[in-house]
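See structure below.
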Amino acid sequence: MPRVLDDFRRTQLAIAALFCFLGFQYATWISRIPALKTRLDLSAGEVGLLLMVTGAGAAASFPLVTYLMKRLGARRLALLSGLGLVAILLALSVAPNYPVTLVILCADGVAVGCLNVAMNAQGAALEAAHGRTAMTQLHATFSAGSFLAALMSSGMTALTSGIVTHFAAASAVLLVLLACARPRLLPDDAPAKEPAEPTAEQEEGKRRRRMARPTRVMLWLGCTMVFAEVVEGSMNDWSALYLKDVAGASAQVAPLGIAVISVVMVLARLFGDGWRSRWGDAVVVRVGSAVAGIGLALALLAGGVVPALLGFACVGLGVAAVTPCLYVAAAAEGPDALSLVAATGTTGLLVGPALIGFIAQATDLTWGMAVVAASAVIVSLCSTRLQWAPRKASSEGSLETEVEKEAA
């Protein structure tokens with residue numbers, strides 16, 4: 001039993017290093033947007049385009065990620081895209097002008113898309129190999145990486161206004177995380193070697209694969225992920241403004257909206273794998289997203305600062321395990337489904353906050369936040385159309401079963 005536990009934990013820590021890597025890399029450069037804005041003399045609109053082009057690169061990476069996952073496998077793609085993200089961070093620190101910065105951040109989005117799919121595929125493979133839940137804790141380490149990067153950025157900003165030294169130090173941290181992850185990542189299956197001159201049947205099979213359309217399950221997974229990311233992205237972008245402009249919170253209290261959502265979500269993700277083991281992914285997604293939607297809707301109806309904070313806490317609690325469960329479900333359908341779900345999730349993350357802004361401008365922010373609540377309920381409804389894997393055994397039970405099988 002100890003050996004089985006050690007194998008699981010070591011591999012989980014290796015994959016967690018990838019999640020921490022991605023959170024750290026993203027938060028490092030996003031926290032220095034003010035410095036980039038000053039150095040390149042950018043307007044607010046140009047800064048918005050910088051953020052948009054990164055997400056666009058991630059969303060457009062779907063065909064490339066699908067191809068690379070099949071050719072390289074999750075392990076090699078994760079390590080190569082990680083090295084690419086380190087190089088991109090260093091290039092960003094010395095970018096000479098705005099057009100070059102746009103190209104660099106578009107490449108960043110593509111590399112993020114590659115690593116996002118690869119590390120979630122590794123997490124899903126870990127669960128399948130050991131019969132244990134792990135994905136929500138892995139997603140919690142992404143938030144931890146972002147938090148650590150924010151602390152480092154704060155310290156480096158106090159030391160220097162430039163970003164070259166900061167990004168160089170951050171790159172060193174990222175390389176350490178990759179070095180920690182590399183030895184214990186799950187191996188890739190060897191790619192099949194095709195004959196030099198494929199037969200007519202093989203050519204026809206390749207042509208059909210190229211023309212294959214997403215399956216019904218893939219489309220439902222993508223739809224569910226879109227609305228789930230609309231909820232997460234919109235809450236992070238609009239919670240503080242809602243507290244200040246609608247609920248009447250002071251300037252000191254308004255940022256607590258993001259803090260409440262983030263803290264509750266991280267804590268819920270630390271316990272989320274236990275919930276998945278006890279009740280199964282289907283229940284966690286359906287009930288969790290319903291709690292998020294209904295809790296936020298009641299807070300909007302009640303009005304005021306305290307109800308808003310309680311509603312935000314319901315959102316953090318309810319959606320914390322939703323995207324990890326969807327990634328596991330997508331990975332079970334294959335690399336095409338996983339790549340599609342990751343791309344549609346990025347689309348929801350981009351479109352959601354902008355959609356809320358348009359609605360708020362046409363009506364008011366309360367109606368915009370109501371769309372967020374409705375999106376959470378839609379996630380719950382969409383999840384009923386998905387076929388979920390059976391509930392995994394508890395950690396102790398799965399380990400005992402493995403040992404008993406080996407002894408037999």
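Residues are named by chain letter and number: chains run A, B, ... in the order of the structure tokens, numbers start at 1 in each chain, and ligands are numbered from 1 in the order shown.
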Q: Determine, counting only C-alpha atoms, which protein, DNA and RNA residues have an atom within 10 Å of an atom of region 276-282 of chain A; residues of the same chain fewer than 3 positions away are not included. Present the result as an MDAnalysis selection string.
A: chainID A and resid 131:136 271:273 285:288 321:322 324:326 328:329 380 383:384 386:395
Tell me, counting only C-alpha atoms, for each residue of region 258-358 of chain A within 12 Å of region 99-111 of chain A, which pair of atoms is nearest and how far apart they are in Å to one decimal, in rows ordered by chain and increasing number, as JSON lines.
{"residue": "A:Ser339", "atom": "CA", "partner": "A:Val110", "partner_atom": "CA", "distance": 12.0}
{"residue": "A:Ala342", "atom": "CA", "partner": "A:Val110", "partner_atom": "CA", "distance": 11.6}
{"residue": "A:Ala343", "atom": "CA", "partner": "A:Val110", "partner_atom": "CA", "distance": 10.3}
{"residue": "A:Thr346", "atom": "CA", "partner": "A:Gly109", "partner_atom": "CA", "distance": 9.8}
{"residue": "A:Thr347", "atom": "CA", "partner": "A:Gly109", "partner_atom": "CA", "distance": 11.9}
Prev. selection, C-alpha atoms, output as a short mmCIF file (atom, residue, chain, number, x, y, z; two decimals), in the first residue's frame:
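The result, written out as out_1.cif:
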data_model
loop_
_atom_site.label_atom_id
_atom_site.label_comp_id
_atom_site.auth_asym_id
_atom_site.auth_seq_id
_atom_site.Cartn_x
_atom_site.Cartn_y
_atom_site.Cartn_z
CA SER A 339 -8.80 20.11 -27.20
CA ALA A 342 -10.28 23.66 -23.75
CA ALA A 343 -10.78 25.95 -26.77
CA THR A 346 -11.23 29.92 -23.46
CA THR A 347 -13.91 31.37 -25.73
#
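The nearest approach to Ser61 (chain A) among the residues A:Gly113, A:Gly84, A:Gly233, A:Gly155, with only C-alpha atoms taken into account, belongs to A:Gly113.
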Q: Find the residues around region 225-228 of chain A up to 8 Å (only C-alpha atoms counted), leave out those fewer than 5 positions away in its own chain, and share them as a PyMOL selection string.
A: chain A and resi 319+322-323+326+341+344-349+375-376+378-379
Q: Could you check how far CA of Ser143 (chain A) sits from CA of Thr28 (chain A), in Å to one decimal?
A: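 Computed distance, CA of Ser143 (chain A) to CA of Thr28 (chain A), equals 12.6 Å.
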Q) So, counting only C-alpha atoms, which residue among A:Ile163, A:Leu221, A:Leu85, A:Val117 is closest to Lys37 (chain A)? A) A:Ile163
(Q) Just to confirm, what's the straight-line distance from CA of Ala78 (chain A) to CA of Arg269 (chain A) in Å (one decimal)? (A) 22.5 Å
Q: Might you pull out every residue within 10 Å of Gly368 (chain A), with only C-alpha atoms counted and same-chain residues fewer than 3 positions away left off, and present them as a PyMOL selection string?
A: chain A and resi 234+238+242+353+355-365+371-373
**Q.** Non-local contacts of Ala370 (chain A) (9 Å; only C-alpha atoms; under 6 positions in same chain excluded) as a PyMOL selection string
**A.** chain A and resi 293+296-297+300
Q) Which is closest to Ala330 (chain A) among A:Leu219, A:Met156, A:Ala17, A:Leu22, if we use only C-alpha atoms? A)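 Closest candidate: A:Leu219.
What separates CA of Val291 (chain A) from CA of Ala331 (chain A) is a distance of 25.6 Å.
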Q: Can you pull out every residue within 12 Å of Asp6 (chain A), counting only C-alpha atoms, but drop anything in the same chain fewer than 6 positions away, and send it as a list in words?
A: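 Listed by chain and then number, they are Gln12, Leu13, His130, Arg184 and Leu399 of chain A.
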Q: Find the residues around Phe19 (chain A) up to 10 Å (only C-alpha atoms counted), leave out those fewer than 4 positions away in its own chain, and share them as a ChimeraX atom specification.
A: /A:13-15,23-24,115-116,119-120,123,137-146,177
Q: Check the smallest atom-to-atom distance from each of A:Leu92, A:Leu83, A:Leu340, A:Leu350 to Ala179 (chain A) using only C-alpha atoms, then report the winner.
A: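 Ranking A:Leu92, A:Leu83, A:Leu340, A:Leu350 by distance to Ala179 (chain A), first place goes to A:Leu83.
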(Q) Counting only C-alpha atoms, which residue out of A:Gly55, A:Gly295, A:Gly73, A:Gly352 sits closest to Asp188 (chain A)? (A)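 Once distances to Asp188 (chain A) are computed over only C-alpha atoms, the minimum belongs to A:Gly73.
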**Q.** Selected residue of minimal separation from Ala59 (chain A) among A:Ala91, A:Leu175, A:Ala169, A:Val351, counting only C-alpha atoms
**A.** A:Val351
(Q) Among region 208-395 of chain A, which residues does DSSP mark as helix (DSSP H, G or I) when it is run on the backbone? Keep the chain and numbering as in the structure and answer as a PyMOL selection string. (A) chain A and resi 208-211+216-245+256-279+281-302+305-319+322-333+335-362+365-383+395
Go ahead and save the picked residues with C-alpha atoms, as a short mmCIF file (atom, residue, chain, number, x, y, z; two decimals), in the first residue's frame.
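Written out: part23.cif:
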data_model
loop_
_atom_site.label_atom_id
_atom_site.label_comp_id
_atom_site.auth_asym_id
_atom_site.auth_seq_id
_atom_site.Cartn_x
_atom_site.Cartn_y
_atom_site.Cartn_z
CA ARG A 208 -12.30 10.59 -42.97
CA ARG A 209 -10.49 11.49 -39.76
CA ARG A 210 -9.64 14.90 -41.17
CA MET A 211 -13.28 15.44 -42.17
CA ARG A 216 -22.87 15.06 -29.90
CA VAL A 217 -21.08 14.39 -26.62
CA MET A 218 -18.24 16.73 -27.60
CA LEU A 219 -20.70 19.50 -28.47
CA TRP A 220 -22.53 19.16 -25.16
CA LEU A 221 -19.22 19.18 -23.30
CA GLY A 222 -18.13 22.29 -25.18
CA CYS A 223 -21.44 24.04 -24.51
CA THR A 224 -21.27 23.22 -20.80
CA MET A 225 -17.68 24.45 -20.56
CA VAL A 226 -18.51 27.72 -22.33
CA PHE A 227 -21.13 28.68 -19.76
CA ALA A 228 -18.97 27.48 -16.87
CA GLU A 229 -16.14 29.75 -17.97
CA VAL A 230 -18.57 32.62 -18.54
CA VAL A 231 -19.41 32.36 -14.84
CA GLU A 232 -15.79 32.20 -13.64
CA GLY A 233 -14.48 34.94 -15.92
CA SER A 234 -17.36 37.35 -15.40
CA MET A 235 -17.29 37.07 -11.62
CA ASN A 236 -13.60 37.90 -11.50
CA ASP A 237 -14.02 40.91 -13.80
CA TRP A 238 -17.28 42.43 -12.54
CA SER A 239 -17.68 41.53 -8.85
CA ALA A 240 -15.77 44.56 -7.53
CA LEU A 241 -17.64 46.98 -9.81
CA TYR A 242 -21.00 45.49 -8.78
CA LEU A 243 -20.16 45.94 -5.11
CA LYS A 244 -19.14 49.56 -5.63
CA ASP A 245 -21.70 50.82 -8.16
CA LEU A 256 -13.37 41.88 -1.23
CA GLY A 257 -15.65 40.44 -3.91
CA ILE A 258 -12.71 38.97 -5.81
CA ALA A 259 -11.07 37.92 -2.55
CA VAL A 260 -14.17 36.03 -1.38
CA ILE A 261 -14.59 34.23 -4.70
CA SER A 262 -10.91 33.29 -4.93
CA VAL A 263 -10.50 32.08 -1.35
CA VAL A 264 -13.71 30.04 -1.34
CA MET A 265 -12.86 28.53 -4.72
CA VAL A 266 -9.35 27.46 -3.66
CA LEU A 267 -10.65 25.94 -0.43
CA ALA A 268 -13.45 24.14 -2.28
CA ARG A 269 -10.99 22.74 -4.80
CA LEU A 270 -8.85 21.35 -2.00
CA PHE A 271 -11.89 19.37 -0.79
CA GLY A 272 -13.48 18.85 -4.20
CA ASP A 273 -11.88 15.49 -4.95
CA GLY A 274 -13.42 14.09 -1.76
CA TRP A 275 -16.83 15.28 -2.94
CA ARG A 276 -16.27 13.62 -6.30
CA SER A 277 -15.32 10.35 -4.63
CA ARG A 278 -18.39 10.43 -2.40
CA TRP A 279 -21.09 11.66 -4.78
CA ASP A 281 -18.81 14.04 -10.90
CA ALA A 282 -22.38 14.28 -12.20
CA VAL A 283 -23.80 15.29 -8.81
CA VAL A 284 -20.92 17.69 -8.09
CA VAL A 285 -21.43 19.53 -11.39
CA ARG A 286 -25.23 19.61 -11.32
CA VAL A 287 -25.65 20.56 -7.69
CA GLY A 288 -22.61 22.86 -7.58
CA SER A 289 -23.61 24.94 -10.60
CA ALA A 290 -27.21 25.11 -9.33
CA VAL A 291 -25.97 26.38 -5.95
CA ALA A 292 -23.88 29.02 -7.75
CA GLY A 293 -26.76 30.21 -9.94
CA ILE A 294 -29.48 30.21 -7.29
CA GLY A 295 -27.21 31.71 -4.62
CA LEU A 296 -26.17 34.58 -6.89
CA ALA A 297 -29.75 35.17 -8.06
CA LEU A 298 -31.01 35.43 -4.47
CA ALA A 299 -28.18 37.84 -3.64
CA LEU A 300 -29.12 40.07 -6.57
CA LEU A 301 -32.76 40.09 -5.49
CA ALA A 302 -31.86 40.93 -1.88
CA VAL A 305 -23.13 44.33 0.31
CA VAL A 306 -23.52 41.37 2.67
CA PRO A 307 -25.95 39.43 0.43
CA ALA A 308 -23.65 40.10 -2.53
CA LEU A 309 -20.63 38.69 -0.70
CA LEU A 310 -22.65 35.65 0.34
CA GLY A 311 -23.80 35.19 -3.25
CA PHE A 312 -20.23 35.47 -4.50
CA ALA A 313 -19.21 32.83 -1.96
CA CYS A 314 -21.93 30.54 -3.35
CA VAL A 315 -20.46 31.00 -6.83
CA GLY A 316 -16.94 30.18 -5.66
CA LEU A 317 -18.16 27.13 -3.79
CA GLY A 318 -20.46 25.91 -6.53
CA VAL A 319 -18.27 26.23 -9.62
CA VAL A 322 -17.11 22.12 -12.33
CA THR A 323 -14.32 22.75 -14.84
CA PRO A 324 -12.05 20.00 -13.41
CA CYS A 325 -14.92 17.51 -13.80
CA LEU A 326 -15.55 18.67 -17.36
CA TYR A 327 -11.88 18.24 -18.26
CA VAL A 328 -11.98 14.68 -16.91
CA ALA A 329 -15.12 13.93 -18.92
CA ALA A 330 -13.57 15.42 -22.06
CA ALA A 331 -10.33 13.46 -21.62
CA ALA A 332 -12.36 10.26 -21.47
CA GLU A 333 -13.67 11.07 -24.96
CA PRO A 335 -7.71 14.21 -27.36
CA ASP A 336 -10.09 15.78 -29.90
CA ALA A 337 -12.75 16.31 -27.25
CA LEU A 338 -10.22 17.59 -24.73
CA SER A 339 -8.80 20.11 -27.20
CA LEU A 340 -12.28 21.26 -28.23
CA VAL A 341 -13.43 21.70 -24.64
CA ALA A 342 -10.28 23.66 -23.75
CA ALA A 343 -10.78 25.95 -26.77
CA THR A 344 -14.46 26.55 -26.08
CA GLY A 345 -13.66 27.21 -22.43
CA THR A 346 -11.23 29.92 -23.46
CA THR A 347 -13.91 31.37 -25.73
CA GLY A 348 -16.35 31.55 -22.82
CA LEU A 349 -13.69 33.16 -20.67
CA LEU A 350 -13.24 35.85 -23.34
CA VAL A 351 -16.83 36.39 -24.41
CA GLY A 352 -18.42 36.26 -20.95
CA PRO A 353 -17.01 39.46 -19.40
CA ALA A 354 -17.54 41.41 -22.63
CA LEU A 355 -21.15 40.18 -22.87
CA ILE A 356 -21.84 41.27 -19.31
CA GLY A 357 -20.42 44.70 -20.16
CA PHE A 358 -22.72 45.09 -23.17
CA ILE A 359 -25.77 44.05 -21.14
CA ALA A 360 -24.82 46.38 -18.29
CA GLN A 361 -24.44 49.27 -20.72
CA ALA A 362 -27.85 48.59 -22.27
CA LEU A 365 -25.06 45.75 -13.99
CA THR A 366 -27.69 43.89 -11.97
CA TRP A 367 -29.09 42.45 -15.17
CA GLY A 368 -25.57 41.70 -16.34
CA MET A 369 -24.89 39.70 -13.17
CA ALA A 370 -28.27 38.00 -13.62
CA VAL A 371 -26.90 36.60 -16.89
CA VAL A 372 -24.03 35.12 -14.88
CA ALA A 373 -26.51 33.44 -12.53
CA ALA A 374 -28.48 32.14 -15.51
CA SER A 375 -25.28 30.78 -17.06
CA ALA A 376 -24.58 28.76 -13.91
CA VAL A 377 -28.08 27.25 -14.07
CA ILE A 378 -27.54 26.45 -17.76
CA VAL A 379 -24.38 24.55 -16.79
CA SER A 380 -26.48 22.43 -14.45
CA LEU A 381 -29.05 21.75 -17.17
CA CYS A 382 -26.45 20.97 -19.85
CA SER A 383 -24.67 18.56 -17.55
CA SER A 395 -8.84 6.86 -1.60
#
